[in-house]
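Structure data (compact mmCIF, N, CA and C atoms) from work_17.txt:
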# COMPACT_ATOMS: atom_id res chain seq x y z
N GLN A 157 5.37 46.05 27.09
CA GLN A 157 3.99 46.38 27.40
C GLN A 157 3.86 46.75 28.87
N VAL A 158 2.97 47.70 29.11
CA VAL A 158 2.65 48.13 30.46
C VAL A 158 1.15 47.93 30.68
N GLN A 159 0.81 47.27 31.76
CA GLN A 159 -0.59 47.12 32.12
C GLN A 159 -0.90 48.05 33.30
N LEU A 160 -2.04 48.72 33.22
CA LEU A 160 -2.45 49.66 34.25
C LEU A 160 -3.83 49.25 34.76
N VAL A 161 -3.96 49.15 36.07
CA VAL A 161 -5.23 48.76 36.67
C VAL A 161 -5.62 49.81 37.71
N GLU A 162 -6.79 50.41 37.49
CA GLU A 162 -7.27 51.45 38.40
C GLU A 162 -8.19 50.85 39.47
N SER A 163 -8.30 51.56 40.58
CA SER A 163 -9.26 51.21 41.62
C SER A 163 -9.64 52.48 42.37
N GLY A 164 -10.78 52.42 43.06
CA GLY A 164 -11.14 53.50 43.96
C GLY A 164 -12.26 54.41 43.49
N GLY A 165 -12.82 54.17 42.32
CA GLY A 165 -13.93 55.01 41.88
C GLY A 165 -15.19 54.71 42.67
N GLY A 166 -16.23 55.51 42.42
CA GLY A 166 -17.49 55.28 43.10
C GLY A 166 -18.38 56.48 43.06
N LEU A 167 -19.39 56.45 43.93
CA LEU A 167 -20.39 57.52 44.02
C LEU A 167 -20.15 58.31 45.29
N VAL A 168 -20.16 59.62 45.16
CA VAL A 168 -19.93 60.49 46.32
C VAL A 168 -20.79 61.74 46.16
N GLN A 169 -21.13 62.36 47.27
CA GLN A 169 -21.90 63.60 47.22
C GLN A 169 -21.00 64.80 46.97
N THR A 170 -21.61 65.86 46.50
CA THR A 170 -20.87 67.11 46.31
C THR A 170 -20.15 67.51 47.59
N GLY A 171 -18.87 67.86 47.42
CA GLY A 171 -18.06 68.23 48.57
C GLY A 171 -17.29 67.08 49.19
N GLY A 172 -17.59 65.88 48.74
CA GLY A 172 -16.93 64.70 49.30
C GLY A 172 -15.56 64.45 48.68
N SER A 173 -14.97 63.33 49.09
CA SER A 173 -13.62 62.97 48.65
C SER A 173 -13.58 61.54 48.16
N LEU A 174 -12.69 61.29 47.23
CA LEU A 174 -12.38 59.95 46.77
C LEU A 174 -10.89 59.88 46.48
N ARG A 175 -10.37 58.67 46.56
CA ARG A 175 -8.96 58.44 46.22
C ARG A 175 -8.88 57.36 45.17
N LEU A 176 -8.28 57.68 44.04
CA LEU A 176 -8.06 56.71 42.98
C LEU A 176 -6.63 56.20 43.06
N SER A 177 -6.46 54.93 42.75
CA SER A 177 -5.13 54.35 42.69
C SER A 177 -4.96 53.59 41.39
N CYS A 178 -3.72 53.51 40.95
CA CYS A 178 -3.40 52.79 39.71
C CYS A 178 -2.10 52.04 39.92
N ALA A 179 -2.12 50.77 39.60
CA ALA A 179 -0.93 49.93 39.71
C ALA A 179 -0.45 49.55 38.32
N ALA A 180 0.83 49.75 38.08
CA ALA A 180 1.44 49.38 36.80
C ALA A 180 2.16 48.06 36.93
N SER A 181 2.07 47.24 35.89
CA SER A 181 2.79 45.97 35.87
C SER A 181 3.27 45.71 34.44
N GLY A 182 4.09 44.69 34.30
CA GLY A 182 4.65 44.38 32.99
C GLY A 182 6.03 45.00 32.85
N SER A 183 6.27 45.65 31.73
CA SER A 183 7.57 46.29 31.47
C SER A 183 7.56 47.68 32.09
N ILE A 184 7.77 47.74 33.39
CA ILE A 184 7.58 48.98 34.14
C ILE A 184 8.85 49.80 34.27
N PHE A 185 9.98 49.25 33.81
CA PHE A 185 11.22 49.99 33.92
C PHE A 185 11.16 51.23 33.05
N ASN A 186 11.57 52.35 33.63
CA ASN A 186 11.69 53.60 32.89
C ASN A 186 10.34 54.16 32.41
N ILE A 187 9.32 54.02 33.23
CA ILE A 187 8.08 54.76 32.96
C ILE A 187 8.37 56.20 33.32
N VAL A 188 8.29 57.10 32.35
CA VAL A 188 8.74 58.47 32.60
C VAL A 188 7.63 59.37 33.13
N VAL A 189 6.40 59.06 32.77
CA VAL A 189 5.27 59.88 33.21
C VAL A 189 4.12 58.96 33.59
N MET A 190 3.45 59.30 34.67
CA MET A 190 2.18 58.65 35.02
C MET A 190 1.18 59.75 35.33
N GLY A 191 -0.08 59.39 35.21
CA GLY A 191 -1.07 60.42 35.49
C GLY A 191 -2.48 59.95 35.29
N TRP A 192 -3.38 60.92 35.23
CA TRP A 192 -4.81 60.65 35.11
C TRP A 192 -5.45 61.56 34.08
N TYR A 193 -6.30 60.98 33.30
CA TYR A 193 -7.19 61.70 32.39
C TYR A 193 -8.62 61.33 32.77
N ARG A 194 -9.57 62.10 32.26
CA ARG A 194 -10.97 61.76 32.48
C ARG A 194 -11.79 62.07 31.24
N GLN A 195 -12.92 61.38 31.14
CA GLN A 195 -13.83 61.59 30.02
C GLN A 195 -15.25 61.56 30.53
N ALA A 196 -15.92 62.69 30.39
CA ALA A 196 -17.33 62.79 30.76
C ALA A 196 -18.20 62.43 29.55
N PRO A 197 -19.45 62.04 29.78
CA PRO A 197 -20.32 61.68 28.66
C PRO A 197 -20.44 62.81 27.64
N GLY A 198 -20.23 62.49 26.38
CA GLY A 198 -20.36 63.46 25.31
C GLY A 198 -19.20 64.43 25.19
N LYS A 199 -18.15 64.21 25.97
CA LYS A 199 -16.99 65.13 25.92
C LYS A 199 -15.73 64.37 25.57
N GLN A 200 -14.71 65.12 25.17
CA GLN A 200 -13.42 64.51 24.87
C GLN A 200 -12.67 64.19 26.15
N ARG A 201 -11.78 63.23 26.03
CA ARG A 201 -10.92 62.91 27.16
C ARG A 201 -10.02 64.11 27.45
N GLU A 202 -9.86 64.42 28.74
CA GLU A 202 -9.06 65.59 29.11
C GLU A 202 -8.07 65.24 30.21
N LEU A 203 -6.98 65.99 30.23
CA LEU A 203 -5.96 65.81 31.26
C LEU A 203 -6.50 66.24 32.62
N VAL A 204 -6.19 65.44 33.63
CA VAL A 204 -6.48 65.82 35.01
C VAL A 204 -5.17 66.21 35.71
N ALA A 205 -4.21 65.30 35.72
CA ALA A 205 -2.94 65.56 36.39
C ALA A 205 -1.89 64.60 35.87
N LEU A 206 -0.65 65.07 35.83
CA LEU A 206 0.48 64.25 35.43
C LEU A 206 1.59 64.40 36.44
N ILE A 207 2.36 63.34 36.63
CA ILE A 207 3.52 63.40 37.51
C ILE A 207 4.66 62.65 36.84
N PRO A 208 5.76 63.33 36.58
CA PRO A 208 6.90 62.67 35.95
C PRO A 208 7.72 61.91 36.98
N SER A 209 8.63 61.08 36.49
CA SER A 209 9.51 60.37 37.42
C SER A 209 10.43 61.35 38.13
N ARG A 210 10.73 62.45 37.47
CA ARG A 210 11.48 63.53 38.08
C ARG A 210 10.83 64.84 37.70
N GLY A 211 10.76 65.76 38.64
CA GLY A 211 10.18 67.06 38.34
C GLY A 211 8.83 67.25 38.98
N SER A 212 8.20 68.34 38.58
CA SER A 212 6.95 68.76 39.22
C SER A 212 5.73 68.19 38.52
N SER A 213 4.69 68.05 39.28
CA SER A 213 3.41 67.62 38.74
C SER A 213 2.73 68.80 38.05
N ASN A 214 1.79 68.49 37.18
CA ASN A 214 0.96 69.56 36.66
C ASN A 214 -0.49 69.11 36.64
N TYR A 215 -1.37 70.10 36.77
CA TYR A 215 -2.80 69.85 36.95
C TYR A 215 -3.61 70.67 35.97
N ALA A 216 -4.77 70.15 35.63
CA ALA A 216 -5.75 70.97 34.91
C ALA A 216 -6.21 72.09 35.82
N ASP A 217 -6.48 73.25 35.24
CA ASP A 217 -6.92 74.39 36.04
C ASP A 217 -8.16 74.06 36.85
N SER A 218 -9.02 73.23 36.29
CA SER A 218 -10.30 72.92 36.93
C SER A 218 -10.15 72.11 38.22
N VAL A 219 -8.99 71.50 38.44
CA VAL A 219 -8.82 70.67 39.64
C VAL A 219 -7.74 71.19 40.58
N LYS A 220 -7.04 72.23 40.19
CA LYS A 220 -5.98 72.78 41.04
C LYS A 220 -6.54 73.17 42.40
N GLY A 221 -5.81 72.79 43.43
CA GLY A 221 -6.22 73.11 44.79
C GLY A 221 -7.20 72.11 45.38
N ARG A 222 -7.74 71.23 44.55
CA ARG A 222 -8.69 70.22 45.04
C ARG A 222 -8.13 68.80 44.91
N PHE A 223 -7.38 68.55 43.86
CA PHE A 223 -6.84 67.22 43.60
C PHE A 223 -5.33 67.22 43.84
N THR A 224 -4.84 66.08 44.30
CA THR A 224 -3.40 65.91 44.51
C THR A 224 -2.97 64.58 43.93
N ILE A 225 -1.98 64.62 43.06
CA ILE A 225 -1.43 63.41 42.48
C ILE A 225 -0.15 63.02 43.22
N SER A 226 0.04 61.74 43.40
CA SER A 226 1.25 61.25 44.05
C SER A 226 1.68 59.95 43.37
N ARG A 227 2.95 59.64 43.54
CA ARG A 227 3.51 58.48 42.85
C ARG A 227 4.51 57.80 43.76
N GLU A 228 4.47 56.48 43.79
CA GLU A 228 5.46 55.68 44.50
C GLU A 228 6.22 54.87 43.46
N ASN A 229 7.39 55.33 43.11
CA ASN A 229 8.15 54.67 42.06
C ASN A 229 8.52 53.24 42.43
N ALA A 230 8.83 53.02 43.69
CA ALA A 230 9.23 51.68 44.12
C ALA A 230 8.09 50.68 43.96
N LYS A 231 6.85 51.16 44.10
CA LYS A 231 5.69 50.28 43.99
C LYS A 231 5.01 50.40 42.63
N ASN A 232 5.51 51.31 41.80
CA ASN A 232 4.92 51.53 40.48
C ASN A 232 3.43 51.82 40.56
N THR A 233 3.10 52.72 41.46
CA THR A 233 1.71 53.13 41.62
C THR A 233 1.60 54.64 41.52
N VAL A 234 0.43 55.08 41.10
CA VAL A 234 0.11 56.50 41.09
C VAL A 234 -1.28 56.65 41.69
N SER A 235 -1.47 57.68 42.49
CA SER A 235 -2.74 57.90 43.15
C SER A 235 -3.23 59.31 42.89
N LEU A 236 -4.53 59.47 43.01
CA LEU A 236 -5.14 60.79 42.85
C LEU A 236 -6.10 60.99 44.00
N GLN A 237 -5.76 61.91 44.89
CA GLN A 237 -6.64 62.28 45.99
C GLN A 237 -7.53 63.41 45.52
N MET A 238 -8.83 63.19 45.54
CA MET A 238 -9.78 64.17 45.03
C MET A 238 -10.64 64.68 46.18
N ASN A 239 -10.55 65.94 46.47
CA ASN A 239 -11.31 66.58 47.53
C ASN A 239 -12.26 67.62 46.95
N SER A 240 -13.22 68.01 47.76
CA SER A 240 -14.18 69.05 47.34
C SER A 240 -14.77 68.74 45.97
N LEU A 241 -15.21 67.52 45.80
CA LEU A 241 -15.69 67.08 44.50
C LEU A 241 -16.97 67.81 44.09
N LYS A 242 -17.08 68.04 42.80
CA LYS A 242 -18.21 68.75 42.22
C LYS A 242 -18.91 67.85 41.20
N PRO A 243 -20.18 68.09 40.91
CA PRO A 243 -20.86 67.28 39.89
C PRO A 243 -20.13 67.28 38.55
N GLU A 244 -19.47 68.37 38.21
CA GLU A 244 -18.74 68.42 36.94
C GLU A 244 -17.48 67.57 36.93
N ASP A 245 -17.12 66.99 38.06
CA ASP A 245 -16.01 66.03 38.11
C ASP A 245 -16.46 64.63 37.71
N THR A 246 -17.75 64.45 37.53
CA THR A 246 -18.27 63.14 37.13
C THR A 246 -17.71 62.74 35.77
N ALA A 247 -17.09 61.57 35.73
CA ALA A 247 -16.44 61.10 34.50
C ALA A 247 -15.87 59.70 34.74
N VAL A 248 -15.43 59.10 33.66
CA VAL A 248 -14.59 57.91 33.77
C VAL A 248 -13.15 58.40 33.84
N TYR A 249 -12.44 57.96 34.84
CA TYR A 249 -11.05 58.38 35.06
C TYR A 249 -10.12 57.27 34.60
N TYR A 250 -9.15 57.66 33.78
CA TYR A 250 -8.21 56.71 33.19
C TYR A 250 -6.79 56.96 33.70
N CYS A 251 -6.16 55.91 34.11
CA CYS A 251 -4.75 55.96 34.44
C CYS A 251 -3.95 55.98 33.14
N TYR A 252 -2.81 56.65 33.17
CA TYR A 252 -2.02 56.89 31.96
C TYR A 252 -0.54 56.76 32.31
N ALA A 253 0.20 56.21 31.37
CA ALA A 253 1.65 56.10 31.56
C ALA A 253 2.35 56.22 30.22
N VAL A 254 3.56 56.72 30.27
CA VAL A 254 4.39 56.83 29.07
C VAL A 254 5.70 56.09 29.33
N ARG A 255 6.04 55.22 28.40
CA ARG A 255 7.29 54.47 28.49
C ARG A 255 7.83 54.25 27.09
N SER A 256 9.07 54.59 26.89
CA SER A 256 9.74 54.40 25.60
C SER A 256 8.94 55.02 24.46
N GLY A 257 8.38 56.19 24.72
CA GLY A 257 7.66 56.90 23.67
C GLY A 257 6.26 56.39 23.38
N LEU A 258 5.82 55.39 24.14
CA LEU A 258 4.48 54.84 23.92
C LEU A 258 3.56 55.23 25.07
N ASN A 259 2.29 55.45 24.72
CA ASN A 259 1.27 55.78 25.70
C ASN A 259 0.49 54.52 26.09
N TYR A 260 0.22 54.40 27.38
CA TYR A 260 -0.55 53.26 27.90
C TYR A 260 -1.72 53.79 28.72
N TRP A 261 -2.82 53.06 28.65
CA TRP A 261 -4.04 53.47 29.33
C TRP A 261 -4.61 52.31 30.14
N GLY A 262 -5.21 52.66 31.27
CA GLY A 262 -6.00 51.69 32.00
C GLY A 262 -7.39 51.61 31.41
N GLN A 263 -8.21 50.74 31.98
CA GLN A 263 -9.56 50.56 31.44
C GLN A 263 -10.55 51.59 31.97
N GLY A 264 -10.18 52.30 33.00
CA GLY A 264 -11.01 53.37 33.52
C GLY A 264 -11.81 52.97 34.74
N THR A 265 -12.09 53.95 35.56
CA THR A 265 -12.94 53.75 36.74
C THR A 265 -13.92 54.92 36.82
N GLN A 266 -15.17 54.60 37.10
CA GLN A 266 -16.22 55.62 37.11
C GLN A 266 -16.21 56.39 38.42
N VAL A 267 -16.27 57.71 38.29
CA VAL A 267 -16.47 58.59 39.44
C VAL A 267 -17.75 59.39 39.18
N THR A 268 -18.68 59.29 40.11
CA THR A 268 -19.95 60.00 40.00
C THR A 268 -20.15 60.87 41.23
N VAL A 269 -20.36 62.16 41.00
CA VAL A 269 -20.58 63.11 42.09
C VAL A 269 -22.02 63.60 42.01
N SER A 270 -22.79 63.29 43.03
CA SER A 270 -24.19 63.67 43.04
C SER A 270 -24.36 65.05 43.65
N SER A 271 -25.35 65.77 43.13
CA SER A 271 -25.59 67.14 43.63
C SER A 271 -26.61 67.15 44.75
Just give me the structure as structure tokens.
Amino acid sequence: QVQLVESGGGLVQTGGSLRLSCAASGSIFNIVVMGWYRQAPGKQRELVALIPSRGSSNYADSVKGRFTISRENAKNTVSLQMNSLKPEDTAVYYCYAVRSGLNYWGQGTQVTVSS
């Protein structure tokens, strides 16, 4: 089992920045992918960014150039730096990890961008 705990959500004005962090614990050996998804009210959960243990990150088109994902394997953490935030970025953001073919999710952190 992998436990994921997010932090760093909150309320910010349009154009502002926030940084989300996620710490993994439990059976953390060989987590192959970590990342972030989000879910806005009335919408399906969608990919924001993923970062593998090896290789390049990938981003949703809607956040490219504004968001940056990073990972510290030694600390088993993944972070999401969000800049130039827009009202349409408002959502619950979920940390995500894949290990041994299983998907794991955090409980989510709310990000609200006011116009």
*Shell around A:Gln169 at 7 Å using all atoms listed in the file, local window under 4 positions removed, as a ChimeraX atom specification*: /A:173,241-243,268-271
*Would you mind reading off the distance between atom CA of A:Trp261 and atom C of A:Thr170, one decimal, in Å?*
28.1 Å
*Tell me which of A:Leu167, A:Ala205, A:Val161, A:Val234 sits closest to A:Ser181, counting only C-alpha atoms.*
A:Val161
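Near A:Leu206, within 7 Å and counting only N, CA and C atoms, sit Val189, Met190, Gly191, Trp192, Leu203, Val204, Pro208, Ser212, Ser213, Asn214, Tyr215, Ala216 and Ile225 of chain A, not including residues fewer than 2 positions from it in the same chain.
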*Which residue out of A:Val168, A:Ala179, A:Val254, A:Leu174 has the minimum interatomic distance to A:Thr233 when only C-alpha atoms are used?*
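Residue with the minimum atom-to-atom distance to A:Thr233: A:Ala179.
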_With only N, CA and C atoms as the counted atoms, please give the residues lying no more than 8 Å from A:Thr265, apart from itself and same-chain residues fewer than 4 positions off, as a list in words._
Val161, Glu162, Ser163, Gly164, Gly165, Gly166, Ala247, Val248, Tyr249, Tyr250 and Cys251 of chain A
